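Reproduced below: coords.txt, with compact mmCIF, C-alpha atoms.
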```txt
# COMPACT_ATOMS: atom_id res chain seq x y z
CA MET I 1 74.49 44.39 112.88
CA LEU I 2 77.12 47.12 112.51
CA ASP I 3 77.97 47.80 116.10
CA LYS I 4 81.59 46.74 115.54
CA PRO I 5 82.80 48.23 112.25
CA PHE I 6 86.37 47.12 112.71
CA PHE I 7 85.22 43.56 112.97
CA PHE I 8 83.84 43.76 109.49
CA LEU I 9 87.18 44.79 108.05
CA LYS I 10 88.30 41.27 108.69
CA CYS I 11 85.23 39.98 106.86
CA PHE I 12 86.54 41.27 103.57
CA GLU I 13 89.12 38.60 103.48
CA GLN I 14 86.22 36.31 102.75
CA ARG I 15 83.22 36.79 100.49
CA ARG I 16 80.88 36.26 103.40
CA CYS I 17 81.29 36.27 107.13
CA ASN I 18 79.27 35.10 110.01
CA VAL I 19 78.42 37.23 113.06
CA LYS I 20 76.42 35.67 115.78
CA GLY I 21 75.15 33.08 113.37
CA LYS I 22 74.00 35.63 110.76
CA THR I 23 75.54 35.79 107.31
CA PHE I 24 76.20 39.23 105.79
CA SER I 25 76.01 40.00 102.10
CA VAL I 26 78.74 41.76 100.11
CA TRP I 27 76.95 45.14 100.01
CA GLU I 28 76.56 45.09 103.77
CA LYS I 29 80.26 44.48 104.08
CA TRP I 30 81.06 47.32 101.68
CA LEU I 31 78.81 49.61 103.70
CA SER I 32 80.49 48.65 106.93
CA LEU I 33 83.92 49.11 105.32
CA GLY I 34 82.90 52.60 104.26
CA LEU I 35 81.74 53.39 107.76
CA ALA I 36 84.97 52.04 109.21
CA VAL I 37 87.08 54.20 106.89
CA LEU I 38 84.92 57.20 107.73
CA ILE I 39 85.30 56.72 111.46
CA ILE I 40 89.07 56.32 111.16
CA SER I 41 89.47 59.33 108.91
CA LEU I 42 87.08 61.65 110.77
CA PRO I 43 89.81 63.26 112.91
CA VAL I 44 91.96 63.89 109.83
CA MET I 45 89.02 65.28 107.86
CA ALA I 46 88.02 67.46 110.78
CA ASP I 47 91.53 68.90 110.87
CA GLN I 48 91.42 69.62 107.15
CA ILE I 49 87.99 71.21 107.40
CA VAL I 50 89.14 73.40 110.27
CA ALA I 51 92.30 74.34 108.34
CA ARG I 52 90.31 75.24 105.22
CA THR I 53 87.80 77.24 107.22
CA GLU I 54 90.64 79.03 109.00
CA GLU I 55 92.31 79.80 105.66
CA GLN I 56 89.06 81.11 104.26
CA ARG I 57 88.58 83.22 107.39
CA GLN I 58 92.04 84.65 106.91
CA ALA I 59 91.31 85.35 103.22
CA ILE I 60 88.12 87.20 104.13
CA THR I 61 89.90 89.23 106.81
CA GLU I 62 92.71 90.20 104.41
CA ALA I 63 90.25 90.99 101.63
CA GLU I 64 88.08 93.18 103.85
CA LYS I 65 91.15 94.99 105.19
CA GLN I 66 92.35 95.68 101.62
CA ALA I 67 88.82 96.68 100.61
CA GLU I 68 88.67 99.24 103.44
CA MET I 69 91.79 100.87 102.03
CA ASP I 70 90.75 100.71 98.38
CA ALA I 71 87.12 101.75 98.67
CA ASN I 72 87.63 105.55 98.42
CA LYS I 73 84.83 106.12 100.92
CA TRP I 74 84.83 109.90 100.89
CA THR I 75 84.80 110.08 97.10
CA PHE I 76 81.60 108.12 97.09
CA PHE I 77 80.21 110.17 99.96
CA VAL I 78 80.64 113.28 97.84
CA LEU I 79 79.13 111.46 94.86
CA GLY I 80 76.11 110.68 96.99
CA LEU I 81 75.98 114.26 98.24
CA ILE I 82 75.83 115.76 94.78
CA GLY I 83 74.14 112.89 92.96
CA THR I 84 70.70 111.39 93.01
CA ALA I 85 69.25 107.93 93.60
CA VAL I 86 70.72 107.00 90.21
CA THR I 87 74.17 107.42 91.76
CA LEU I 88 73.41 104.53 94.08
CA LEU I 89 72.66 102.30 91.11
CA ILE I 90 75.81 103.33 89.28
CA VAL I 91 77.99 102.79 92.34
CA ASN I 92 76.70 99.27 92.61
CA PHE I 93 78.07 98.51 89.17
CA ILE I 94 81.51 100.04 89.54
CA GLU I 95 83.83 97.11 90.08
CA PRO I 96 86.80 97.49 92.46
CA LYS I 97 90.30 96.34 91.55
CA PRO I 98 92.33 94.47 94.17
CA PRO I 99 96.05 93.79 93.62
CA GLN I 100 96.92 90.47 91.95
CA SER I 101 100.06 90.07 94.05
CA SER I 102 97.74 89.38 97.00
CA LEU I 103 96.74 86.15 95.27
CA LEU I 104 100.19 84.90 94.32
CA GLY I 105 101.00 81.56 95.96
CA LYS I 106 97.61 81.32 97.63
CA SER I 107 95.38 78.24 97.58
CA GLN I 108 92.23 78.09 95.46
CA GLU I 109 90.06 78.27 98.58
CA TYR I 110 91.86 81.45 99.63
CA VAL I 111 91.53 83.02 96.18
CA ALA I 112 87.83 82.16 95.97
CA ALA I 113 87.10 83.54 99.44
CA TYR I 114 89.29 86.62 98.90
CA THR I 115 87.82 87.65 95.56
CA ASP I 116 84.24 87.26 96.78
CA ALA I 117 84.86 89.03 100.08
CA TYR I 118 86.82 91.89 98.51
CA VAL I 119 84.25 92.74 95.87
CA ARG I 120 81.40 92.41 98.35
CA LYS I 121 83.09 94.60 100.96
CA VAL I 122 84.12 97.36 98.58
CA LYS I 123 80.68 97.53 97.03
CA ASN I 124 79.12 97.55 100.49
CA ILE I 125 81.34 100.39 101.72
CA ARG I 126 80.85 102.45 98.58
CA LEU I 127 77.11 101.93 98.59
CA ASN I 128 76.85 102.85 102.27
CA TYR I 129 78.90 106.01 101.91
CA THR I 130 77.01 107.03 98.79
CA LEU I 131 73.79 106.54 100.74
CA TYR I 132 75.14 108.61 103.63
CA GLY I 133 76.00 111.31 101.12
CA CYS I 134 72.53 111.13 99.59
CA LEU I 135 70.85 111.33 102.99
CA THR I 136 73.06 114.19 104.10
CA GLY I 137 72.33 116.06 100.88
CA THR I 138 68.60 115.46 101.23
CA ALA I 139 68.59 116.52 104.87
CA THR I 140 70.49 119.68 103.96
CA TRP I 141 67.94 120.59 101.31
CA VAL I 142 65.02 119.83 103.62
CA ILE I 143 66.46 122.09 106.32
CA PHE I 144 67.16 124.78 103.72
CA TYR I 145 63.61 124.72 102.39
CA ALA I 146 62.19 124.63 105.91
CA LEU I 147 64.17 127.78 106.73
CA VAL I 148 63.07 129.48 103.53
CA ILE I 149 59.42 128.65 104.19
CA ALA I 150 59.71 129.75 107.82
CA ALA I 151 61.26 133.03 106.71
CA ALA I 152 58.53 133.54 104.12
CA VAL I 153 55.76 132.78 106.64
CA SER I 154 57.20 135.12 109.29
CA GLU I 155 57.49 137.91 106.65
CA THR I 156 53.84 137.46 105.71
CA GLU I 157 52.82 137.60 109.37
CA THR I 158 54.81 140.79 109.86
CA TYR I 159 52.83 142.49 107.10
CA TYR I 160 49.58 141.62 108.86
CA MET P 1 92.62 110.09 105.12
CA LYS P 2 96.09 108.70 105.99
CA ASP P 3 95.14 105.34 104.50
CA ARG P 4 94.00 107.14 101.36
CA ASN P 5 97.34 108.96 101.04
CA ARG P 6 99.20 105.74 101.59
CA GLN P 7 97.10 104.14 98.90
CA ARG P 8 97.91 106.99 96.54
CA VAL P 9 101.60 106.46 97.23
CA ILE P 10 101.29 102.80 96.37
CA VAL P 11 99.34 103.61 93.22
CA LEU P 12 101.99 106.12 92.15
CA VAL P 13 104.86 103.74 92.76
CA PHE P 14 103.19 101.00 90.81
CA SER P 15 102.12 103.39 88.04
CA VAL P 16 105.79 104.23 87.56
CA LEU P 17 106.62 100.58 87.38
CA LEU P 18 103.75 99.89 85.00
CA LEU P 19 104.83 102.70 82.68
CA ILE P 20 108.34 101.33 82.67
CA ARG P 21 107.09 97.89 81.74
CA ASN P 22 105.24 99.32 78.76
CA ALA P 23 108.05 101.53 77.52
CA PHE P 24 111.29 99.59 77.87
CA PRO P 25 113.51 99.07 74.85
CA GLN P 26 113.25 95.83 72.95
CA ILE P 27 116.60 94.37 74.01
CA ILE P 28 114.66 91.79 75.98
CA LYS P 29 112.56 89.39 73.99
CA THR P 30 112.19 86.76 76.69
CA PHE P 31 113.25 86.38 80.29
CA SER P 32 113.08 83.49 82.72
CA ALA P 33 114.35 82.93 86.25
CA ASP P 34 113.69 81.08 89.45
CA PHE P 35 112.42 83.42 92.14
CA THR P 36 111.82 83.54 95.87
CA ARG P 37 109.47 86.20 97.14
CA GLU P 38 109.27 87.04 100.82
CA TYR P 39 106.39 89.28 101.89
CA ILE P 40 106.30 90.72 105.40
CA GLU P 41 103.47 92.80 106.82
CA GLY P 42 103.42 93.22 110.58
CA ASN P 43 103.58 89.73 112.07
CA LYS P 44 102.61 88.09 108.80
CA ARG P 45 105.36 86.50 106.71
CA GLU P 46 104.79 84.69 103.44
CA VAL P 47 107.32 82.98 101.21
CA VAL P 48 106.54 82.06 97.63
CA GLU P 49 108.92 80.21 95.30
CA GLY P 50 108.63 79.38 91.67
CA LYS P 51 109.63 80.25 88.16
CA ILE P 52 108.89 83.45 86.27
CA TYR P 53 108.71 83.84 82.47
CA PHE P 54 108.31 87.01 80.46
CA GLN P 55 107.45 87.37 76.76
CA ALA P 56 108.15 90.89 75.55
CA ASN P 57 106.31 90.71 72.23
CA SER P 58 103.01 89.77 73.81
CA LYS P 59 103.85 91.52 77.15
CA ARG P 60 102.78 88.35 78.86
CA LEU P 61 104.04 87.45 82.31
CA ILE P 62 103.73 83.83 83.38
CA ILE P 63 104.49 82.70 86.89
CA PHE P 64 104.61 79.08 87.96
CA VAL P 65 104.49 78.85 91.73
CA THR P 66 105.86 75.66 93.28
CA THR P 67 105.79 76.61 96.97
CA PRO P 68 103.55 76.77 99.01
CA VAL P 69 101.06 75.62 96.35
CA ARG P 70 101.34 74.64 92.72
CA GLN P 71 99.79 77.53 90.86
CA TRP P 72 100.04 79.09 87.41
CA MET P 73 99.43 82.81 87.15
CA VAL P 74 99.28 84.34 83.67
CA LEU P 75 99.08 88.12 83.36
CA SER P 76 98.23 89.36 79.89
CA GLY P 77 96.50 92.60 78.95
CA ASN P 78 93.60 93.26 81.29
CA GLU P 79 93.25 89.64 82.26
CA THR P 80 94.78 87.53 85.00
CA LEU P 81 94.43 83.78 84.89
CA ILE P 82 95.08 81.72 88.02
CA PHE P 83 95.20 77.97 87.43
CA TYR P 84 95.66 75.09 89.87
CA PRO P 85 96.93 72.06 87.91
CA ASP P 86 96.44 69.57 90.72
CA SER P 87 92.72 70.21 91.13
CA LEU P 88 91.95 71.55 87.61
CA LYS P 89 90.39 74.73 88.92
CA ALA P 90 90.97 78.22 87.58
CA PHE P 91 90.01 81.84 88.07
CA ARG P 92 89.86 84.25 85.16
CA ILE P 93 89.95 87.82 86.46
CA LYS P 94 89.12 90.61 84.04
CA MET P 95 89.96 94.15 85.00
CA GLN P 96 89.63 97.61 83.58
CA ILE P 97 93.34 98.33 83.95
CA PRO P 98 96.30 96.26 82.71
CA SER P 99 97.24 93.44 85.02
CA HIS P 100 100.69 93.74 86.56
CA MET P 101 103.00 92.20 89.13
CA PRO P 102 104.86 95.00 90.95
CA PHE P 103 107.89 92.99 92.05
CA PHE P 104 108.75 92.01 88.49
CA GLU P 105 108.24 95.50 87.17
CA ALA P 106 110.59 96.82 89.85
CA PHE P 107 113.17 94.44 88.34
CA ILE P 108 112.66 95.37 84.71
CA GLY P 109 112.27 99.07 85.55
CA VAL P 110 116.01 99.58 85.83
CA MET P 111 116.20 99.66 82.05
CA LYS P 112 114.70 103.14 81.86
CA ASP P 113 117.15 106.00 82.41
CA ASP P 114 114.62 108.21 84.16
CA TYR P 115 112.80 105.28 85.79
CA GLY P 116 109.69 106.38 83.86
CA LEU P 117 109.32 109.51 85.98
CA THR P 118 109.17 111.97 83.10
CA LYS P 119 106.12 110.32 81.68
CA LEU P 120 104.40 110.60 85.07
CA GLY P 121 104.96 114.35 85.07
CA TYR P 122 108.03 114.44 87.30
CA THR P 123 110.70 116.96 86.38
CA PHE P 124 114.40 116.72 86.99
CA SER P 125 115.43 119.05 89.81
CA HIS P 126 119.13 118.58 90.56
CA TYR P 127 121.77 115.96 91.18
CA LYS P 128 124.64 115.23 93.53
CA ARG P 129 127.72 113.32 92.56
CA LYS P 130 130.37 111.81 94.78
CA VAL P 131 133.12 109.66 93.24
CA ASN P 132 131.16 106.74 91.74
CA THR P 133 127.73 107.61 93.18
CA LEU P 134 125.14 109.73 91.40
CA VAL P 135 121.96 110.85 93.16
CA SER P 136 119.22 112.53 91.11
CA TYR P 137 116.24 114.39 92.55
CA TRP P 138 112.92 114.72 90.76
CA LYS P 139 110.10 117.15 91.56
CA PRO P 140 106.48 115.97 91.46
CA PRO P 141 103.95 117.45 89.04
CA LYS P 142 102.03 120.44 90.45
CA ASN P 143 98.72 118.63 90.62
CA LEU P 144 100.28 115.96 92.88
CA ALA P 145 102.57 118.21 94.93
CA LYS P 146 100.17 118.26 97.89
CA ILE P 147 100.36 114.49 98.22
CA PHE P 148 103.74 113.39 96.85
CA GLY P 149 107.18 114.75 97.44
CA GLU P 150 110.33 114.26 95.44
CA TYR P 151 111.60 111.06 93.90
CA VAL P 152 115.25 110.18 94.52
CA LEU P 153 117.28 107.82 92.34
CA THR P 154 120.72 106.62 93.40
CA TYR P 155 123.23 105.04 91.03
CA ARG P 156 126.57 103.54 91.98
CA ASP P 157 128.98 102.44 89.25
CA ASN P 158 126.10 102.79 86.74
CA ARG P 159 123.93 100.46 88.77
CA LEU P 160 120.59 101.67 90.06
CA ILE P 161 120.79 100.75 93.73
CA TYR P 162 118.05 102.81 95.30
CA ALA P 163 114.76 104.53 94.39
CA GLU P 164 112.85 106.49 97.00
CA LEU P 165 109.53 108.29 97.03
CA LYS P 166 108.83 110.93 99.65
CA ASP P 167 105.45 112.29 100.69
CA ALA P 168 104.48 115.96 100.70
CA LYS P 169 106.03 116.31 104.16
CA SER P 170 109.37 114.94 102.91
CA ARG P 171 109.01 111.69 104.82
CA ILE P 172 109.97 108.48 103.05
CA ALA P 173 106.75 106.88 101.79
CA SER P 174 108.26 103.99 99.87
CA LYS P 175 111.63 102.76 98.64
CA VAL P 176 113.11 100.12 96.39
CA GLU P 177 116.61 98.75 97.03
CA TYR P 178 118.47 96.90 94.32
CA SER P 179 121.51 94.64 94.78
CA SER P 180 123.46 91.71 93.30
CA HIS P 181 123.53 93.19 89.83
CA PHE P 182 124.50 91.45 86.60
CA PHE P 183 125.25 93.10 83.28
CA TYR P 184 123.22 92.43 80.14
CA GLY P 185 122.48 94.46 77.02
CA GLY P 186 123.99 97.67 78.41
CA THR P 187 122.04 97.55 81.67
CA TYR P 188 122.80 96.30 85.15
CA PHE P 189 119.88 94.17 86.31
CA PRO P 190 119.41 93.43 90.01
CA LEU P 191 119.02 89.89 91.22
CA GLU P 192 117.73 91.14 94.56
CA VAL P 193 114.94 93.67 94.88
CA LEU P 194 113.55 94.94 98.18
CA ILE P 195 110.38 97.06 98.09
CA THR P 196 109.38 98.79 101.33
CA VAL P 197 106.21 100.79 101.86
CA LYS P 198 105.60 102.62 105.13
CA LYS P 199 102.24 102.68 106.83
CA GLU P 200 101.58 104.74 109.95
CA ALA P 201 102.93 102.26 112.49
CA GLU P 202 103.71 99.38 110.15
CA VAL P 203 106.13 98.62 107.37
CA ILE P 204 105.28 96.36 104.44
CA SER P 205 108.27 94.80 102.74
CA GLU P 206 108.56 92.57 99.72
CA LYS P 207 111.94 90.97 98.94
CA VAL P 208 112.48 89.10 95.71
CA ILE P 209 115.58 87.09 94.81
CA TYR P 210 116.14 85.83 91.29
CA LYS P 211 118.33 82.84 90.37
CA ASN P 212 119.20 80.90 87.23
CA HIS P 213 118.14 83.84 85.10
CA SER P 214 118.17 83.71 81.33
CA PHE P 215 117.60 86.43 78.73
CA ASN P 216 116.34 85.81 75.20
CA SER P 217 116.48 82.04 75.49
CA PRO P 218 113.66 79.93 74.10
CA LEU P 219 110.94 79.46 76.67
CA PRO P 220 109.53 75.98 77.39
CA SER P 221 106.71 74.96 75.07
CA GLU P 222 104.34 74.53 78.02
CA VAL P 223 104.85 78.23 78.73
CA ILE P 224 104.64 79.50 75.15
CA ASN P 225 101.58 77.38 74.42
CA PHE P 226 100.06 77.67 77.87
CA LYS P 227 96.41 76.65 77.82
CA ILE P 228 94.02 75.57 80.48
CA PRO P 229 93.29 71.85 80.02
CA GLU P 230 89.83 70.77 79.07
CA GLY P 231 87.65 69.88 81.97
CA THR P 232 89.00 72.68 84.13
CA LYS P 233 86.41 74.42 86.24
CA ILE P 234 86.82 78.15 85.57
CA LYS P 235 85.38 80.88 87.73
CA GLU P 236 84.98 84.18 85.90
CA VAL P 237 85.61 87.24 88.05
CA GLN P 238 84.94 90.73 86.77
CA TRP P 239 86.93 93.42 88.60
```
If you convert what's in this file into structure tokens, what do you get?
Amino acid sequence: MLDKPFFFLKCFEQRRCNVKGKTFSVWEKWLSLGLAVLIISLPVMADQIVARTEEQRQAITEAEKQAEMDANKWTFFVLGLIGTAVTLLIVNFIEPKPPQSSLLGKSQEYVAAYTDAYVRKVKNIRLNYTLYGCLTGTATWVIFYALVIAAAVSETETYY
Amino acid sequence: MKDRNRQRVIVLVFSVLLLIRNAFPQIIKTFSADFTREYIEGNKREVVEGKIYFQANSKRLIIFVTTPVRQWMVLSGNETLIFYPDSLKAFRIKMQIPSHMPFFEAFIGVMKDDYGLTKLGYTFSHYKRKVNTLVSYWKPPKNLAKIFGEYVLTYRDNRLIYAELKDAKSRIASKVEYSSHFFYGGTYFPLEVLITVKKEAEVISEKVIYKNHSFNSPLPSEVINFKIPEGTKIKEVQW
């Protein structure tokens, strides 16, 4: 019925058209018109989709690059080193602040992708480095206590 | 570590500019101009054109971008509003620090005699004078001396033409070059501003050219009464 969409474009000059002896209703013609428009515009839409995706990819790349610079990794490492598990929770709520000039003259898709990617990346970096600090601090204390206990045990053995 | 120092340099430069924006004398009530901003970072080059409006009483900066996209950007207090009139979509970004646009503050910063350095803790060190050129040198505060070096301001014929920040190793970290000055209210304002920040192997530059400028003229009603139309989809962003 719809194997030749372009044929049906001509049908819209009339209320009904005949194809191989069969009469098509108006809604069938509208459906075929829609399909025809879709087929014609697919290459254009594909280009736009690719362009938007590429723009969003660029926004994410720029945002993550800026986030790497703004994240203050080593500050949060130290925070993790001296803090507790609560530090991890606090870090998750500290919002980063990217520069507004990065968004000037950018499309809405870019701004949306950039803001999301930036906040996500900075939080991720800060959380990771705080965790590394926490783990390093914990490991240090474990080693310290192990040494203290070992020293205490060897002293006791000496007395025997 | 190097990235962190570079970031500190940028923060210091923009802190100076932000302080200037908050402290300038009230000879300017409104300002408007067409602008072209060219941003170059490595192989990336971006050009933005539009119109900029400034309201001193409310310290509100409104930018209407016409190229490459139609975009309104309103900076007021701790909030930045980005609005796309063609698609009725907007982003409202709330921050913990005042919103600012560095390239405009570099323009308006020439009004301050000390460029706002005193308030940042810089102290005047010495100056050199040659015919119509005056170069002043400013020492950084002690708590920042390990990161930042001296600030150098150069005036020629009473026009601020150059501002330079050095790092602790006396290398140029960033500089602002001013040209094409015009005289208004006792100050020479630059119509061309070039901000350059040095990275390790890269240089970031931002050049802004102003045209059709106007001081203390009534701003268009669409700017004074700027509001997002009803039906706009707003995304709230907390930074």
Using only C-alpha atoms, find which residues of chain P lie within 10 Å of chain I and jot them down as a ChimeraX atom specification. /P:1-8,37,39,46-50,63-73,75,80,82-84,87,89-91,93-97,99-103,235,237-239
Provide the atom CA of Thr154 of chain P to atom CA of Ile27 of chain P distance in Å, to one decimal place. 23.3 Å
Suppose you want the space between atom CA of Asp167 of chain P and atom CA of Asp113 of chain P; what is it in Å? 22.6 Å
Go ahead and compute the interatomic distance for atom CA of Ile195 of chain P and atom CA of Ser174 of chain P, in Å to one decimal. 7.5 Å
Spatial neighbours of segment 131-144 of chain P, max dist 12 Å, only C-alpha atoms, sep filter under 2 positions, as a PyMOL selection string: chain P and resi 5+8-9+12+113-129+146-168+170
Exercise on segment 30-43 of chain I, axis-aligned box with 3 Å per side, report centre and edge lengths in Å to one decimal, as AutoDock Vina command-line options:
```
--center_x 84.3 --center_y 55.3 --center_z 107.3 --size_x 17.0 --size_y 21.9 --size_z 17.2
```
Give me the residues near Tyr114 of chain I as number ranges by chain, where near means some atom within 9 Å (using all atoms listed in the file) and where sequence neighbours in that chain fewer than 3 positions away do not count. I: 56, 58-64, 103, 109-111, 117-119
Taking (125.9, 94.1, 92.3) in the file's coordinates as the center, which residues reach within 8 Å of it, counting all atoms listed in the file, put as an mmCIF file with C-alpha atoms, in the frame of the given file?
```cif
data_model
loop_
_atom_site.group_PDB
_atom_site.id
_atom_site.type_symbol
_atom_site.label_atom_id
_atom_site.label_comp_id
_atom_site.auth_asym_id
_atom_site.auth_seq_id
_atom_site.Cartn_x
_atom_site.Cartn_y
_atom_site.Cartn_z
ATOM 1 C CA ARG P 159 123.930 100.460 88.770
ATOM 2 C CA SER P 179 121.510 94.640 94.780
ATOM 3 C CA SER P 180 123.460 91.710 93.300
ATOM 4 C CA HIS P 181 123.530 93.190 89.830
ATOM 5 C CA PHE P 182 124.500 91.450 86.600
ATOM 6 C CA PRO P 190 119.410 93.430 90.010
#
```
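Applying the 9 Å criterion to (109.6, 89.4, 73.7) in file coordinates and using only C-alpha atoms, one obtains the residues P:Gln26, P:Ile27, P:Ile28, P:Lys29, P:Thr30, P:Phe31, P:Phe54, P:Gln55, P:Ala56, P:Asn57, P:Ser58, P:Lys59, P:Arg60, P:Asn216.
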Output file for the selection above: C-alpha atoms, as a PDB file, in the frame of the given file:
```pdb
ATOM      1  CA  GLN P  26     113.250  95.830  72.950  1.00  0.00           C
ATOM      2  CA  ILE P  27     116.600  94.370  74.010  1.00  0.00           C
ATOM      3  CA  ILE P  28     114.660  91.790  75.980  1.00  0.00           C
ATOM      4  CA  LYS P  29     112.560  89.390  73.990  1.00  0.00           C
ATOM      5  CA  THR P  30     112.190  86.760  76.690  1.00  0.00           C
ATOM      6  CA  PHE P  31     113.250  86.380  80.290  1.00  0.00           C
ATOM      7  CA  PHE P  54     108.310  87.010  80.460  1.00  0.00           C
ATOM      8  CA  GLN P  55     107.450  87.370  76.760  1.00  0.00           C
ATOM      9  CA  ALA P  56     108.150  90.890  75.550  1.00  0.00           C
ATOM     10  CA  ASN P  57     106.310  90.710  72.230  1.00  0.00           C
ATOM     11  CA  SER P  58     103.010  89.770  73.810  1.00  0.00           C
ATOM     12  CA  LYS P  59     103.850  91.520  77.150  1.00  0.00           C
ATOM     13  CA  ARG P  60     102.780  88.350  78.860  1.00  0.00           C
ATOM     14  CA  ASN P 216     116.340  85.810  75.200  1.00  0.00           C
TER      15      ASN P 216
END
```
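Closest to Ser214 of chain P among P:Ile52, P:Leu81, P:Ile40, P:Ile228 is P:Ile52, based on all atoms listed in the file.
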Missing atoms in segment 173-194 of chain P: fill them in up to N, CA and C atoms and send the result as a PDB file, in the frame of the given file.
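Everything below was put into selection.pdb:
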```pdb
ATOM      1  N   ALA P 173     108.011 107.616 101.904  1.00  0.00           N
ATOM      2  CA  ALA P 173     106.750 106.880 101.790  1.00  0.00           C
ATOM      3  C   ALA P 173     107.008 105.447 101.300  1.00  0.00           C
ATOM      4  N   SER P 174     107.925 105.323 100.360  1.00  0.00           N
ATOM      5  CA  SER P 174     108.260 103.990  99.870  1.00  0.00           C
ATOM      6  C   SER P 174     109.663 104.016  99.290  1.00  0.00           C
ATOM      7  N   LYS P 175     110.288 102.840  99.231  1.00  0.00           N
ATOM      8  CA  LYS P 175     111.630 102.760  98.640  1.00  0.00           C
ATOM      9  C   LYS P 175     111.864 101.392  98.030  1.00  0.00           C
ATOM     10  N   VAL P 176     112.736 101.377  97.033  1.00  0.00           N
ATOM     11  CA  VAL P 176     113.110 100.120  96.390  1.00  0.00           C
ATOM     12  C   VAL P 176     114.635 100.035  96.432  1.00  0.00           C
ATOM     13  N   GLU P 177     115.148  98.939  96.956  1.00  0.00           N
ATOM     14  CA  GLU P 177     116.610  98.750  97.030  1.00  0.00           C
ATOM     15  C   GLU P 177     117.011  97.614  96.113  1.00  0.00           C
ATOM     16  N   TYR P 178     117.999  97.877  95.294  1.00  0.00           N
ATOM     17  CA  TYR P 178     118.470  96.900  94.320  1.00  0.00           C
ATOM     18  C   TYR P 178     119.888  96.442  94.669  1.00  0.00           C
ATOM     19  N   SER P 179     120.153  95.141  94.507  1.00  0.00           N
ATOM     20  CA  SER P 179     121.510  94.640  94.780  1.00  0.00           C
ATOM     21  C   SER P 179     121.787  93.406  93.938  1.00  0.00           C
ATOM     22  N   SER P 180     123.015  92.906  94.049  1.00  0.00           N
ATOM     23  CA  SER P 180     123.460  91.710  93.300  1.00  0.00           C
ATOM     24  C   SER P 180     123.197  91.865  91.809  1.00  0.00           C
ATOM     25  N   HIS P 181     123.784  92.891  91.228  1.00  0.00           N
ATOM     26  CA  HIS P 181     123.530  93.190  89.830  1.00  0.00           C
ATOM     27  C   HIS P 181     124.311  92.285  88.873  1.00  0.00           C
ATOM     28  N   PHE P 182     123.761  92.099  87.683  1.00  0.00           N
ATOM     29  CA  PHE P 182     124.500  91.450  86.600  1.00  0.00           C
ATOM     30  C   PHE P 182     124.300  92.303  85.350  1.00  0.00           C
ATOM     31  N   PHE P 183     125.262  92.219  84.438  1.00  0.00           N
ATOM     32  CA  PHE P 183     125.250  93.100  83.280  1.00  0.00           C
ATOM     33  C   PHE P 183     124.711  92.361  82.054  1.00  0.00           C
ATOM     34  N   TYR P 184     123.734  93.006  81.377  1.00  0.00           N
ATOM     35  CA  TYR P 184     123.220  92.430  80.140  1.00  0.00           C
ATOM     36  C   TYR P 184     122.672  93.544  79.257  1.00  0.00           C
ATOM     37  N   GLY P 185     123.048  93.534  77.996  1.00  0.00           N
ATOM     38  CA  GLY P 185     122.480  94.460  77.020  1.00  0.00           C
ATOM     39  C   GLY P 185     122.638  95.924  77.401  1.00  0.00           C
ATOM     40  N   GLY P 186     123.744  96.273  78.056  1.00  0.00           N
ATOM     41  CA  GLY P 186     123.990  97.670  78.410  1.00  0.00           C
ATOM     42  C   GLY P 186     123.346  98.112  79.708  1.00  0.00           C
ATOM     43  N   THR P 187     122.727  97.196  80.421  1.00  0.00           N
ATOM     44  CA  THR P 187     122.040  97.550  81.670  1.00  0.00           C
ATOM     45  C   THR P 187     122.455  96.586  82.780  1.00  0.00           C
ATOM     46  N   TYR P 188     122.544  97.159  83.986  1.00  0.00           N
ATOM     47  CA  TYR P 188     122.800  96.300  85.150  1.00  0.00           C
ATOM     48  C   TYR P 188     121.453  95.933  85.773  1.00  0.00           C
ATOM     49  N   PHE P 189     121.137  94.642  85.737  1.00  0.00           N
ATOM     50  CA  PHE P 189     119.880  94.170  86.310  1.00  0.00           C
ATOM     51  C   PHE P 189     120.127  93.625  87.713  1.00  0.00           C
ATOM     52  N   PRO P 190     119.212  93.913  88.639  1.00  0.00           N
ATOM     53  CA  PRO P 190     119.410  93.430  90.010  1.00  0.00           C
ATOM     54  C   PRO P 190     118.844  92.035  90.209  1.00  0.00           C
ATOM     55  N   LEU P 191     119.554  91.213  90.909  1.00  0.00           N
ATOM     56  CA  LEU P 191     119.020  89.890  91.220  1.00  0.00           C
ATOM     57  C   LEU P 191     118.329  89.882  92.582  1.00  0.00           C
ATOM     58  N   GLU P 192     118.462  90.999  93.296  1.00  0.00           N
ATOM     59  CA  GLU P 192     117.730  91.140  94.560  1.00  0.00           C
ATOM     60  C   GLU P 192     117.034  92.486  94.561  1.00  0.00           C
ATOM     61  N   VAL P 193     115.736  92.447  94.856  1.00  0.00           N
ATOM     62  CA  VAL P 193     114.940  93.670  94.880  1.00  0.00           C
ATOM     63  C   VAL P 193     114.179  93.692  96.201  1.00  0.00           C
ATOM     64  N   LEU P 194     114.275  94.797  96.913  1.00  0.00           N
ATOM     65  CA  LEU P 194     113.550  94.940  98.180  1.00  0.00           C
ATOM     66  C   LEU P 194     112.669  96.174  98.100  1.00  0.00           C
TER      67      LEU P 194
END
```
